[in-house]
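Here's run19.csv, which has CSV, C-alpha atoms:
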chain,number,residue,atom,x,y,z
J,1,MET,CA,0.0,0.0,0.0
J,2,HIS,CA,1.2,3.4,-0.9
J,3,ARG,CA,1.0,5.6,2.2
J,4,GLU,CA,2.9,8.5,3.4
J,5,SER,CA,3.5,7.9,7.1
J,6,ILE,CA,4.0,11.4,8.3
J,7,PRO,CA,0.9,13.1,9.5
J,8,GLN,CA,0.4,16.4,7.7
J,9,ARG,CA,-0.3,19.6,9.5
J,10,GLU,CA,-2.2,22.3,7.6
J,11,THR,CA,-0.7,25.7,8.0
J,12,ASN,CA,-2.7,27.7,5.4
J,13,ASP,CA,-4.4,30.0,7.8
J,14,THR,CA,-3.8,31.1,11.3
J,15,ASP,CA,-7.3,31.0,12.7
J,16,SER,CA,-7.9,28.9,15.8
J,17,PRO,CA,-11.2,27.3,14.9
J,18,GLY,CA,-13.7,26.9,17.7
J,19,ILE,CA,-12.0,29.4,20.0
J,20,GLN,CA,-14.3,32.1,21.3
J,21,GLN,CA,-13.2,35.0,23.3
J,22,ASP,CA,-15.3,35.4,26.4
J,23,GLY,CA,-13.7,37.9,28.7
J,24,LEU,CA,-10.3,36.6,29.7
J,25,ALA,CA,-11.2,32.9,29.1
J,26,LEU,CA,-11.0,31.1,25.8
J,27,ALA,CA,-13.5,28.3,25.4
J,28,LYS,CA,-13.3,25.8,22.6
J,29,VAL,CA,-16.8,25.2,21.2
J,30,PRO,CA,-17.2,21.7,20.0
J,31,VAL,CA,-18.1,21.2,16.4
J,32,VAL,CA,-21.0,19.0,15.5
J,33,ARG,CA,-20.7,17.6,12.0
J,34,GLN,CA,-23.7,16.6,10.0
J,35,VAL,CA,-23.6,12.9,9.2
J,36,VAL,CA,-24.4,11.8,5.7
J,37,CYS,CA,-24.4,8.1,6.5
J,38,ARG,CA,-22.6,5.6,8.5
J,39,GLY,CA,-21.8,1.9,8.0
J,40,ASN,CA,-19.6,-0.9,9.1
J,41,TRP,CA,-16.6,0.7,7.4
J,42,TYR,CA,-16.9,4.4,7.5
J,43,CYS,CA,-18.8,7.3,8.9
J,44,ILE,CA,-19.2,10.1,6.3
J,45,SER,CA,-19.9,13.6,7.4
J,46,TYR,CA,-19.4,17.2,6.2
J,47,ALA,CA,-16.1,18.9,7.0
J,48,VAL,CA,-16.5,22.2,8.9
J,49,ARG,CA,-14.3,25.2,8.2
J,50,SER,CA,-12.9,27.6,10.7
J,51,ASP,CA,-15.9,29.9,10.2
J,52,ARG,CA,-18.2,27.0,10.7
J,53,THR,CA,-19.3,26.9,7.0
J,54,THR,CA,-19.6,23.6,5.2
J,55,PRO,CA,-18.8,24.0,1.5
J,56,ALA,CA,-19.6,20.4,0.6
J,57,LYS,CA,-23.0,20.6,2.2
J,58,GLU,CA,-23.8,23.7,0.3
J,59,VAL,CA,-23.0,21.9,-3.0
J,60,VAL,CA,-24.9,18.7,-2.0
J,61,ASP,CA,-28.0,20.8,-0.9
J,62,TYR,CA,-28.0,22.6,-4.3
J,63,LEU,CA,-27.7,19.2,-6.1
J,64,LYS,CA,-30.7,17.9,-4.2
J,65,GLU,CA,-32.8,20.7,-5.4
J,66,GLY,CA,-31.3,20.9,-8.9
J,67,THR,CA,-30.2,24.5,-8.3
J,68,TRP,CA,-26.4,24.3,-8.2
J,69,PRO,CA,-25.2,27.5,-10.0
J,70,ASP,CA,-21.7,26.0,-10.7
J,71,GLY,CA,-23.4,23.0,-12.3
J,72,HIS,CA,-25.7,25.2,-14.4
J,73,ASP,CA,-22.6,27.1,-15.6
J,74,GLU,CA,-21.4,23.7,-17.0
J,75,LYS,CA,-24.7,22.9,-18.6
J,76,MET,CA,-25.5,20.4,-15.8
J,77,HIS,CA,-29.3,20.8,-15.8
J,78,ALA,CA,-31.6,20.3,-12.9
J,79,ASP,CA,-32.5,16.7,-13.7
J,80,GLU,CA,-28.9,15.7,-13.9
J,81,GLN,CA,-28.2,17.4,-10.6
J,82,VAL,CA,-31.1,15.6,-8.9
J,83,ASP,CA,-29.9,12.3,-10.4
J,84,ALA,CA,-26.4,13.1,-9.2
J,85,TYR,CA,-27.6,13.7,-5.7
J,86,ALA,CA,-29.3,10.3,-5.5
J,87,ALA,CA,-26.3,8.6,-7.1
J,88,LEU,CA,-23.9,10.3,-4.6
J,89,MET,CA,-26.1,9.3,-1.6
J,90,LEU,CA,-26.1,5.7,-2.8
J,91,THR,CA,-22.4,5.6,-3.5
J,92,MET,CA,-21.6,7.1,-0.1
J,93,LYS,CA,-23.9,4.6,1.7
J,94,HIS,CA,-22.4,1.7,-0.2
J,95,PHE,CA,-18.9,2.9,0.6
J,96,ALA,CA,-19.8,3.3,4.3
J,97,ASP,CA,-21.3,-0.2,4.4
J,98,THR,CA,-18.8,-2.1,2.2
J,99,GLY,CA,-15.6,-0.1,1.9
J,100,GLU,CA,-15.9,0.2,-1.8
J,101,GLY,CA,-17.8,2.3,-4.4
J,102,ASP,CA,-21.0,1.0,-5.9
J,103,ARG,CA,-19.8,1.5,-9.5
J,104,PRO,CA,-16.5,1.2,-11.2
J,105,LYS,CA,-16.2,5.0,-11.7
J,106,SER,CA,-17.9,6.2,-8.6
J,107,MET,CA,-14.7,7.2,-6.8
J,108,ASN,CA,-11.2,8.4,-7.6
J,109,GLY,CA,-8.0,9.3,-5.8
J,110,LEU,CA,-6.7,12.8,-6.6
J,111,GLU,CA,-3.6,13.9,-4.8
J,112,ASP,CA,-2.2,14.4,-1.3
J,113,GLY,CA,-4.9,12.2,0.3
J,114,ILE,CA,-7.8,14.0,-1.3
J,115,PHE,CA,-10.3,11.6,-2.9
J,116,GLU,CA,-13.6,12.3,-4.7
J,117,PHE,CA,-17.0,10.8,-5.1
J,118,LYS,CA,-18.3,11.0,-8.6
J,119,ALA,CA,-21.8,11.0,-10.0
J,120,ARG,CA,-22.8,12.3,-13.4
J,121,ARG,CA,-20.6,15.5,-13.7
J,122,ALA,CA,-20.7,16.3,-9.9
J,123,ARG,CA,-17.5,15.8,-7.9
J,124,ILE,CA,-17.4,15.8,-4.1
J,125,ALA,CA,-13.9,15.8,-2.6
J,126,PHE,CA,-13.1,14.2,0.7
J,127,TYR,CA,-10.4,13.2,3.1
J,128,ASP,CA,-10.1,10.5,5.8
J,129,THR,CA,-9.0,10.9,9.4
J,130,PRO,CA,-9.1,8.8,12.6
J,131,GLY,CA,-11.0,11.8,14.0
J,132,ASP,CA,-8.3,12.9,16.4
J,133,GLY,CA,-7.2,15.9,14.4
J,134,THR,CA,-4.6,14.1,12.4
J,135,TYR,CA,-4.7,12.7,8.9
J,136,VAL,CA,-2.3,10.5,6.9
J,137,PRO,CA,-2.7,11.2,3.2
J,138,LYS,CA,-3.1,7.9,1.3
J,139,ARG,CA,-2.5,7.3,-2.4
J,140,LYS,CA,-4.7,5.5,-4.8
J,141,TYR,CA,-3.4,2.3,-6.4
J,142,THR,CA,-2.5,2.5,-10.1
J,143,ASP,CA,-2.2,-1.2,-10.7
J,144,PRO,CA,-4.8,-3.8,-9.7
J,145,ASP,CA,-2.1,-6.3,-8.9
J,146,GLN,CA,-0.8,-4.0,-6.1
J,147,SER,CA,-4.2,-3.5,-4.7
J,148,GLU,CA,-5.4,-5.5,-1.7
J,149,TYR,CA,-8.7,-5.9,-3.5
J,150,PRO,CA,-7.9,-6.5,-7.2
J,151,MET,CA,-11.4,-7.9,-7.9
J,152,SER,CA,-13.1,-4.8,-6.5
J,153,HIS,CA,-14.5,-2.4,-9.1
J,154,THR,CA,-12.9,0.3,-7.0
J,155,TRP,CA,-9.7,-1.6,-6.5
J,156,HIS,CA,-7.7,1.7,-6.8
J,157,ILE,CA,-9.2,3.0,-3.5
J,158,PRO,CA,-7.1,1.9,-0.5
J,159,ASP,CA,-8.4,1.3,2.9
J,160,LEU,CA,-9.0,4.6,4.6
J,161,ASP,CA,-9.3,5.8,8.1
J,162,GLU,CA,-12.8,5.5,9.5
J,163,GLU,CA,-13.9,9.1,9.4
J,164,ILE,CA,-14.7,10.4,5.9
J,165,ARG,CA,-15.1,14.1,5.7
J,166,LEU,CA,-16.6,15.8,2.7
J,167,CYS,CA,-14.6,19.0,1.9
J,168,CYS,CA,-16.1,20.7,-1.1
J,169,GLY,CA,-17.5,20.0,-4.6
J,170,TRP,CA,-17.2,21.1,-8.2
J,171,PRO,CA,-18.6,20.2,-11.6
J,172,LYS,CA,-16.4,18.2,-13.9
J,173,LYS,CA,-14.7,20.6,-16.4
J,174,GLY,CA,-12.1,18.4,-18.0
J,175,GLN,CA,-10.2,15.1,-17.8
J,176,LYS,CA,-8.5,16.2,-14.6
J,177,ALA,CA,-9.6,18.0,-11.5
J,178,LYS,CA,-8.3,21.6,-11.3
J,179,PRO,CA,-5.4,22.1,-8.9
J,180,SER,CA,-7.2,25.1,-7.4
J,181,ASP,CA,-10.2,22.8,-6.6
J,182,ILE,CA,-8.0,20.3,-5.0
J,183,GLY,CA,-6.2,23.1,-3.2
J,184,PHE,CA,-9.4,24.3,-1.7
J,185,ALA,CA,-10.3,20.8,-0.5
J,186,ARG,CA,-6.9,20.6,1.2
J,187,LYS,CA,-7.6,24.0,2.9
J,188,VAL,CA,-10.9,22.7,4.2
J,189,ARG,CA,-9.2,19.6,5.4
J,190,GLY,CA,-6.7,21.6,7.4
J,191,GLU,CA,-9.4,23.8,9.0
J,192,ASP,CA,-11.7,20.8,9.7
J,193,SER,CA,-9.1,18.6,11.3
J,194,ARG,CA,-8.1,21.4,13.6
J,195,HIS,CA,-11.5,21.3,15.3
J,196,ASP,CA,-10.6,17.8,16.6
J,197,LYS,CA,-7.2,18.7,18.1
J,198,ARG,CA,-7.0,18.9,21.8
O,1,MET,CA,-33.8,0.8,7.7
O,2,THR,CA,-33.8,1.4,11.4
O,3,SER,CA,-35.0,4.6,13.1
O,4,ASP,CA,-31.3,5.3,14.0
O,5,ASP,CA,-30.7,6.0,10.3
O,6,LEU,CA,-33.0,9.0,10.5
O,7,ASP,CA,-30.2,11.0,12.1
O,8,THR,CA,-28.3,10.8,8.8
O,9,GLU,CA,-29.0,12.6,5.6
O,10,TYR,CA,-29.1,9.3,3.7
O,11,GLY,CA,-31.6,7.9,6.1
O,12,ARG,CA,-33.9,10.9,6.0
O,13,TYR,CA,-33.7,10.9,2.2
O,14,ALA,CA,-34.4,7.2,1.8
O,15,ALA,CA,-37.4,7.5,4.1
O,16,THR,CA,-39.2,9.8,1.7
O,17,ARG,CA,-41.1,8.5,-1.3
O,18,LYS,CA,-39.1,10.7,-3.7
O,19,GLY,CA,-35.9,9.6,-2.1
O,20,ALA,CA,-36.8,5.9,-2.2
O,21,ILE,CA,-37.7,6.2,-5.9
O,22,GLU,CA,-34.6,8.2,-6.8
O,23,LEU,CA,-32.3,5.8,-4.9
O,24,ALA,CA,-34.0,2.8,-6.7
O,25,ALA,CA,-33.1,4.4,-10.0
O,26,ALA,CA,-29.6,5.1,-8.9
O,27,ALA,CA,-29.2,1.5,-7.6
O,28,ALA,CA,-30.5,0.1,-10.9
O,29,THR,CA,-28.1,2.1,-13.0
O,30,ALA,CA,-25.2,1.2,-10.6
O,31,GLU,CA,-26.0,-2.5,-11.0
O,32,VAL,CA,-26.0,-2.1,-14.8
O,33,SER,CA,-22.7,-0.3,-14.6
O,34,ARG,CA,-21.2,-3.1,-12.5
O,35,LEU,CA,-22.5,-5.6,-15.0
O,36,PHE,CA,-21.0,-3.8,-17.9
O,37,HIS,CA,-17.7,-3.6,-16.0
O,38,TRP,CA,-17.5,-7.4,-15.7
O,39,LEU,CA,-19.2,-8.4,-18.9
O,40,PRO,CA,-16.0,-8.2,-21.1
O,41,ARG,CA,-14.0,-9.8,-18.4
O,42,ALA,CA,-16.4,-12.7,-17.9
O,43,SER,CA,-17.1,-13.4,-21.5
O,44,SER,CA,-14.5,-14.8,-23.9
O,45,ARG,CA,-16.0,-12.7,-26.8
O,46,LYS,CA,-13.8,-9.9,-28.1
O,47,GLN,CA,-14.9,-6.4,-28.5
O,48,LYS,CA,-14.3,-6.6,-32.2
O,49,GLU,CA,-16.8,-9.5,-32.4
O,50,ILE,CA,-19.3,-7.5,-30.4
O,51,SER,CA,-18.8,-4.5,-32.6
O,52,ARG,CA,-19.5,-6.6,-35.7
O,53,ASP,CA,-22.6,-8.2,-34.1
O,54,LEU,CA,-24.1,-5.0,-32.8
O,55,GLU,CA,-23.1,-3.0,-35.9
O,56,VAL,CA,-21.6,-0.2,-33.9
O,57,THR,CA,-18.0,1.0,-33.5
O,58,GLU,CA,-15.7,-0.3,-30.9
O,59,GLY,CA,-15.5,3.2,-29.5
O,60,ARG,CA,-19.2,3.2,-29.0
O,61,ILE,CA,-19.1,-0.1,-27.2
O,62,SER,CA,-16.4,1.2,-24.9
O,63,GLN,CA,-18.4,4.3,-24.2
O,64,VAL,CA,-21.4,2.2,-23.2
O,65,LEU,CA,-19.5,-0.3,-21.1
O,66,ASN,CA,-17.7,2.5,-19.3
O,67,GLY,CA,-20.7,4.7,-18.9
O,68,ASP,CA,-22.9,5.2,-15.8
O,69,GLY,CA,-25.2,2.3,-16.7
O,70,ASN,CA,-28.1,4.5,-17.6
O,71,VAL,CA,-29.0,2.7,-20.9
O,72,THR,CA,-32.2,1.6,-22.4
O,73,VAL,CA,-33.6,-1.8,-21.6
O,74,ALA,CA,-33.2,-2.7,-25.3
O,75,ALA,CA,-29.5,-1.7,-25.3
O,76,LEU,CA,-28.9,-3.7,-22.1
O,77,ALA,CA,-30.5,-6.8,-23.6
O,78,LYS,CA,-28.6,-6.4,-26.8
O,79,TYR,CA,-25.2,-6.0,-25.1
O,80,LEU,CA,-25.8,-8.9,-22.8
O,81,ARG,CA,-26.9,-11.1,-25.7
O,82,ALA,CA,-24.0,-10.1,-27.8
O,83,TYR,CA,-21.6,-11.2,-25.0
O,84,GLY,CA,-23.5,-14.5,-24.7
O,85,TYR,CA,-25.9,-13.7,-21.9
O,86,ARG,CA,-29.6,-13.4,-21.5
O,87,LEU,CA,-31.4,-10.7,-19.5
O,88,LYS,CA,-33.9,-11.8,-16.9
O,89,PHE,CA,-36.0,-9.5,-14.7
O,90,GLN,CA,-36.8,-10.1,-11.1
O,91,VAL,CA,-39.2,-7.8,-9.2
O,92,SER,CA,-39.8,-8.0,-5.5
O,93,PRO,CA,-42.0,-5.9,-3.2
O,94,ALA,CA,-40.2,-3.0,-1.6
O,95,ASP,CA,-43.1,-1.6,0.4
O,96,GLU,CA,-45.0,-3.4,3.2
O,97,GLY,CA,-48.3,-4.8,2.1
O,98,VAL,CA,-47.5,-4.8,-1.6
O,99,PRO,CA,-48.2,-8.2,-3.1
O,100,GLU,CA,-45.7,-10.2,-5.2
O,101,VAL,CA,-45.9,-9.5,-8.9
O,102,PRO,CA,-47.6,-12.5,-10.3
O,103,ALA,CA,-45.2,-14.9,-12.0
O,104,ASN,CA,-45.4,-15.0,-15.7
O,105,ARG,CA,-48.8,-16.6,-15.9
O,106,ARG,CA,-49.3,-18.6,-19.1
O,107,ARG,CA,-52.4,-20.0,-20.5
O,108,PRO,CA,-52.5,-23.8,-20.0
O,109,ALA,CA,-51.5,-25.8,-23.0
O,110,ARG,CA,-54.1,-25.8,-25.7
O,111,ARG,CA,-56.6,-28.7,-25.3
O,112,ALA,CA,-58.2,-30.5,-28.1
O,113,PRO,CA,-61.8,-29.3,-28.4
O,114,ALA,CA,-64.1,-31.4,-26.3
O,115,ALA,CA,-66.5,-31.9,-29.1
O,116,THR,CA,-66.7,-31.1,-32.7
O,117,LEU,CA,-69.7,-30.3,-34.8
O,118,VAL,CA,-69.2,-32.2,-38.0
O,119,VAL,CA,-71.1,-32.2,-41.3
O,120,SER,CA,-71.0,-35.6,-42.9
O,121,GLY,CA,-70.7,-36.2,-46.6
O,122,PHE,CA,-74.5,-36.6,-46.7
O,123,GLY,CA,-75.1,-33.2,-45.3
O,124,GLN,CA,-76.0,-34.5,-41.8
O,125,LEU,CA,-74.8,-32.7,-38.7
O,126,ALA,CA,-73.3,-34.7,-35.9
O,127,ILE,CA,-71.4,-34.0,-32.7
O,128,ARG,CA,-68.1,-35.8,-32.3
O,129,VAL,CA,-67.2,-36.1,-28.7
O,130,ASN,CA,-63.5,-36.4,-28.0
O,131,ALA,CA,-62.3,-39.4,-26.1
O,132,HIS,CA,-61.0,-37.5,-23.1
O,133,ASP,CA,-64.4,-36.1,-22.1
O,134,ARG,CA,-67.4,-38.2,-22.8
O,135,SER,CA,-69.1,-37.6,-19.5
O,136,THR,CA,-72.7,-36.8,-19.2
O,137,ARG,CA,-71.7,-33.5,-17.6
O,138,PHE,CA,-69.9,-32.5,-20.8
O,139,ILE,CA,-72.8,-33.4,-23.0
O,140,GLN,CA,-75.1,-31.2,-20.9
O,141,ALA,CA,-72.6,-28.3,-20.9
O,142,ALA,CA,-72.1,-28.6,-24.7
O,143,ALA,CA,-75.8,-28.5,-25.2
O,144,GLU,CA,-76.2,-25.4,-23.1
O,145,ARG,CA,-73.4,-23.5,-24.8
O,146,PRO,CA,-73.6,-24.4,-28.5
O,147,THR,CA,-71.8,-21.2,-29.6
O,148,GLU,CA,-68.5,-22.6,-28.3
O,149,TRP,CA,-68.7,-25.6,-30.6
O,150,ILE,CA,-66.2,-25.7,-33.3
O,151,VAL,CA,-67.5,-26.4,-36.7
O,152,ASN,CA,-65.1,-28.6,-38.6
O,153,ALA,CA,-66.8,-28.9,-41.9

Could you write out this file's structure as structure tokens?
Amino acid sequence: MHRESIPQRETNDTDSPGIQQDGLALAKVPVVRQVVCRGNWYCISYAVRSDRTTPAKEVVDYLKEGTWPDGHDEKMHADEQVDAYAALMLTMKHFADTGEGDRPKSMNGLEDGIFEFKARRARIAFYDTPGDGTYVPKRKYTDPDQSEYPMSHTWHIPDLDEEIRLCCGWPKKGQKAKPSDIGFARKVRGEDSRHDKR
Amino acid sequence: MTSDDLDTEYGRYAATRKGAIELAAAAATAEVSRLFHWLPRASSRKQKEISRDLEVTEGRISQVLNGDGNVTVAALAKYLRAYGYRLKFQVSPADEGVPEVPANRRRPARRAPAATLVVSGFGQLAIRVNAHDRSTRFIQAAAERPTEWIVNA
């Protein structure tokens, strides 16, 4: 398995998420993440930024209603968006239950431990963590023979840590995800994971 | 689904009629997608042969097999058959209280007519009762429902 063993620490911004100034005392307000689904393998929830916004949830809510502006910009019409919402829900539930995607092209590994769920032209980026404020970026397999599950239709997805956090989403624009989109997912990961640090 | 699932977005969605219906559609296309993924691997038939049999380009075949599985039923049946398989449907109740869909109910095998009204060479009418039902009950029934007789002139 291709894993980088050094836990990464996000240093993109200097906010201290969850810290509220109350007179002289600083109290850390716990973050409650909205759970998409949970199963025997994984619990999937929305990552929370320092300002308590949840970019992935915004996208998924738009998809559910067929009103995603970024999708419309890419000619992803309402019906396709609603279809994509259902397909994403199914894929995530299947992944949480079985540890693999429900379709061969339902998931992909991007870079630096950022993965994505795919449905129609919607992409939802995520990362995995044990839930203690750390994360170890994993890499996708590029050869089925190296995979632990060569017969799986998502053989390229390695075993991940049990907490799956949805970072953000974008409509497919080309063969590869834009570095800026992946960069934003990493930024959300850094802010989200810091909520869990003690 | 248990009530515990209602604290998740998936659970709440699946508990609605619209959600259940949309998820059923997504599950069906996902199943077709998985099927198309394994079809060329399971079958010994080459893509070139499939291309020839279906009269489409190999590129089109690749596009369909690597797509999201949202194809027409006819296309699904054709691709399966081209690879040497046959499509069968199985439907089961998803909601409580919904009866099983009746199995493919066929008419019983055609029976020989119980009796035949025949016209003899001399212009006489006669009833020919077949060997399997010469009971008195049949004779009475035939007499009451003469329109069902078959004229074999």

Inset, instruction - For chain O, list the residues within 6 Å of chain J, counting only C-alpha atoms, and write the list as an MDAnalysis selection string. - result: chainID O and resid 8:10 22:23 26 30 34

Inset, instruction - Tell me, in Å to one decimal, how far CA of Val91 (chain O) is from CA of Thr154 (chain J). - result: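 Calculated distance between CA of Val91 (chain O) and CA of Thr154 (chain J) is 27.6 Å.
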
Legend entry - Pick from O:Leu125, O:Arg12, O:Thr29, O:Gly19 nearest to Gly67 (chain O), counting all atoms listed in the file: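 Of O:Leu125, O:Arg12, O:Thr29, O:Gly19, the one nearest Gly67 (chain O) is O:Thr29, counting all atoms listed in the file.
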
Inset, instruction - Can you work out the spacing between CA of Asp7 (chain O) and CA of Gly97 (chain O) in Å, to one decimal? - result: 26.0 Å

Inset, instruction - For CA of Ala177 (chain J) and CA of Leu110 (chain J), quote the distance in Å rounded to one decimal. - result: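 These two atoms are separated by 7.7 Å.
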
Output requested as an mmCIF file, in the frame of the given file - region 84-113 of chain J, filled out with N, CA and C atoms.
data_model
loop_
_atom_site.group_PDB
_atom_site.id
_atom_site.type_symbol
_atom_site.label_atom_id
_atom_site.label_comp_id
_atom_site.auth_asym_id
_atom_site.auth_seq_id
_atom_site.Cartn_x
_atom_site.Cartn_y
_atom_site.Cartn_z
ATOM 1 N N ALA J 84 -27.724 13.165 -9.811
ATOM 2 C CA ALA J 84 -26.400 13.100 -9.200
ATOM 3 C C ALA J 84 -26.489 13.024 -7.684
ATOM 4 N N TYR J 85 -27.439 13.757 -7.116
ATOM 5 C CA TYR J 85 -27.600 13.700 -5.700
ATOM 6 C C TYR J 85 -27.925 12.297 -5.207
ATOM 7 N N ALA J 86 -28.913 11.672 -5.869
ATOM 8 C CA ALA J 86 -29.300 10.300 -5.500
ATOM 9 C C ALA J 86 -28.125 9.346 -5.662
ATOM 10 N N ALA J 87 -27.429 9.489 -6.782
ATOM 11 C CA ALA J 87 -26.300 8.600 -7.100
ATOM 12 C C ALA J 87 -25.192 8.786 -6.005
ATOM 13 N N LEU J 88 -24.956 10.027 -5.609
ATOM 14 C CA LEU J 88 -23.900 10.300 -4.600
ATOM 15 C C LEU J 88 -24.340 9.674 -3.250
ATOM 16 N N MET J 89 -25.614 9.854 -2.891
ATOM 17 C CA MET J 89 -26.100 9.300 -1.600
ATOM 18 C C MET J 89 -25.893 7.761 -1.632
ATOM 19 N N LEU J 90 -26.238 7.148 -2.750
ATOM 20 C CA LEU J 90 -26.100 5.700 -2.800
ATOM 21 C C LEU J 90 -24.665 5.252 -2.776
ATOM 22 N N THR J 91 -23.817 5.953 -3.503
ATOM 23 C CA THR J 91 -22.400 5.600 -3.500
ATOM 24 C C THR J 91 -21.806 5.743 -2.096
ATOM 25 N N MET J 92 -22.151 6.842 -1.430
ATOM 26 C CA MET J 92 -21.600 7.100 -0.100
ATOM 27 C C MET J 92 -22.074 6.004 0.889
ATOM 28 N N LYS J 93 -23.359 5.665 0.797
ATOM 29 C CA LYS J 93 -23.900 4.600 1.700
ATOM 30 C C LYS J 93 -23.228 3.292 1.441
ATOM 31 N N HIS J 94 -23.067 2.989 0.164
ATOM 32 C CA HIS J 94 -22.400 1.700 -0.200
ATOM 33 C C HIS J 94 -20.986 1.695 0.276
ATOM 34 N N PHE J 95 -20.316 2.822 0.135
ATOM 35 C CA PHE J 95 -18.900 2.900 0.600
ATOM 36 C C PHE J 95 -18.836 2.770 2.099
ATOM 37 N N ALA J 96 -19.751 3.425 2.804
ATOM 38 C CA ALA J 96 -19.800 3.300 4.300
ATOM 39 C C ALA J 96 -20.041 1.902 4.723
ATOM 40 N N ASP J 97 -20.888 1.213 3.985
ATOM 41 C CA ASP J 97 -21.300 -0.200 4.400
ATOM 42 C C ASP J 97 -20.250 -1.207 3.967
ATOM 43 N N THR J 98 -19.655 -1.029 2.779
ATOM 44 C CA THR J 98 -18.800 -2.100 2.200
ATOM 45 C C THR J 98 -17.363 -1.777 2.029
ATOM 46 N N GLY J 99 -17.028 -0.494 2.128
ATOM 47 C CA GLY J 99 -15.600 -0.100 1.900
ATOM 48 C C GLY J 99 -15.235 0.082 0.497
ATOM 49 N N GLU J 100 -16.208 -0.021 -0.424
ATOM 50 C CA GLU J 100 -15.900 0.200 -1.800
ATOM 51 C C GLU J 100 -17.036 0.961 -2.497
ATOM 52 N N GLY J 101 -16.742 1.541 -3.659
ATOM 53 C CA GLY J 101 -17.800 2.300 -4.400
ATOM 54 C C GLY J 101 -18.786 1.318 -4.993
ATOM 55 N N ASP J 102 -19.935 1.847 -5.332
ATOM 56 C CA ASP J 102 -21.000 1.000 -5.900
ATOM 57 C C ASP J 102 -20.881 0.807 -7.378
ATOM 58 N N ARG J 103 -20.038 1.600 -8.018
ATOM 59 C CA ARG J 103 -19.800 1.500 -9.500
ATOM 60 C C ARG J 103 -18.350 1.670 -9.753
ATOM 61 N N PRO J 104 -17.888 1.153 -10.890
ATOM 62 C CA PRO J 104 -16.500 1.200 -11.200
ATOM 63 C C PRO J 104 -15.921 2.679 -11.163
ATOM 64 N N LYS J 105 -16.700 3.642 -11.666
ATOM 65 C CA LYS J 105 -16.200 5.000 -11.700
ATOM 66 C C LYS J 105 -16.868 5.922 -10.721
ATOM 67 N N SER J 106 -17.230 5.371 -9.586
ATOM 68 C CA SER J 106 -17.900 6.200 -8.600
ATOM 69 C C SER J 106 -16.974 6.935 -7.674
ATOM 70 N N MET J 107 -15.683 6.597 -7.710
ATOM 71 C CA MET J 107 -14.700 7.200 -6.800
ATOM 72 C C MET J 107 -13.371 7.368 -7.540
ATOM 73 N N ASN J 108 -12.587 8.301 -7.043
ATOM 74 C CA ASN J 108 -11.200 8.400 -7.600
ATOM 75 C C ASN J 108 -10.314 9.025 -6.531
ATOM 76 N N GLY J 109 -9.039 8.737 -6.677
ATOM 77 C CA GLY J 109 -8.000 9.300 -5.800
ATOM 78 C C GLY J 109 -7.400 10.501 -6.534
ATOM 79 N N LEU J 110 -7.307 11.663 -5.917
ATOM 80 C CA LEU J 110 -6.700 12.800 -6.600
ATOM 81 C C LEU J 110 -5.267 12.958 -6.201
ATOM 82 N N GLU J 111 -4.981 13.788 -5.227
ATOM 83 C CA GLU J 111 -3.600 13.900 -4.800
ATOM 84 C C GLU J 111 -3.522 14.299 -3.325
ATOM 85 N N ASP J 112 -2.427 14.030 -2.691
ATOM 86 C CA ASP J 112 -2.200 14.400 -1.300
ATOM 87 C C ASP J 112 -3.336 13.966 -0.383
ATOM 88 N N GLY J 113 -3.835 12.752 -0.604
ATOM 89 C CA GLY J 113 -4.900 12.200 0.300
ATOM 90 C C GLY J 113 -6.245 12.763 0.084
#
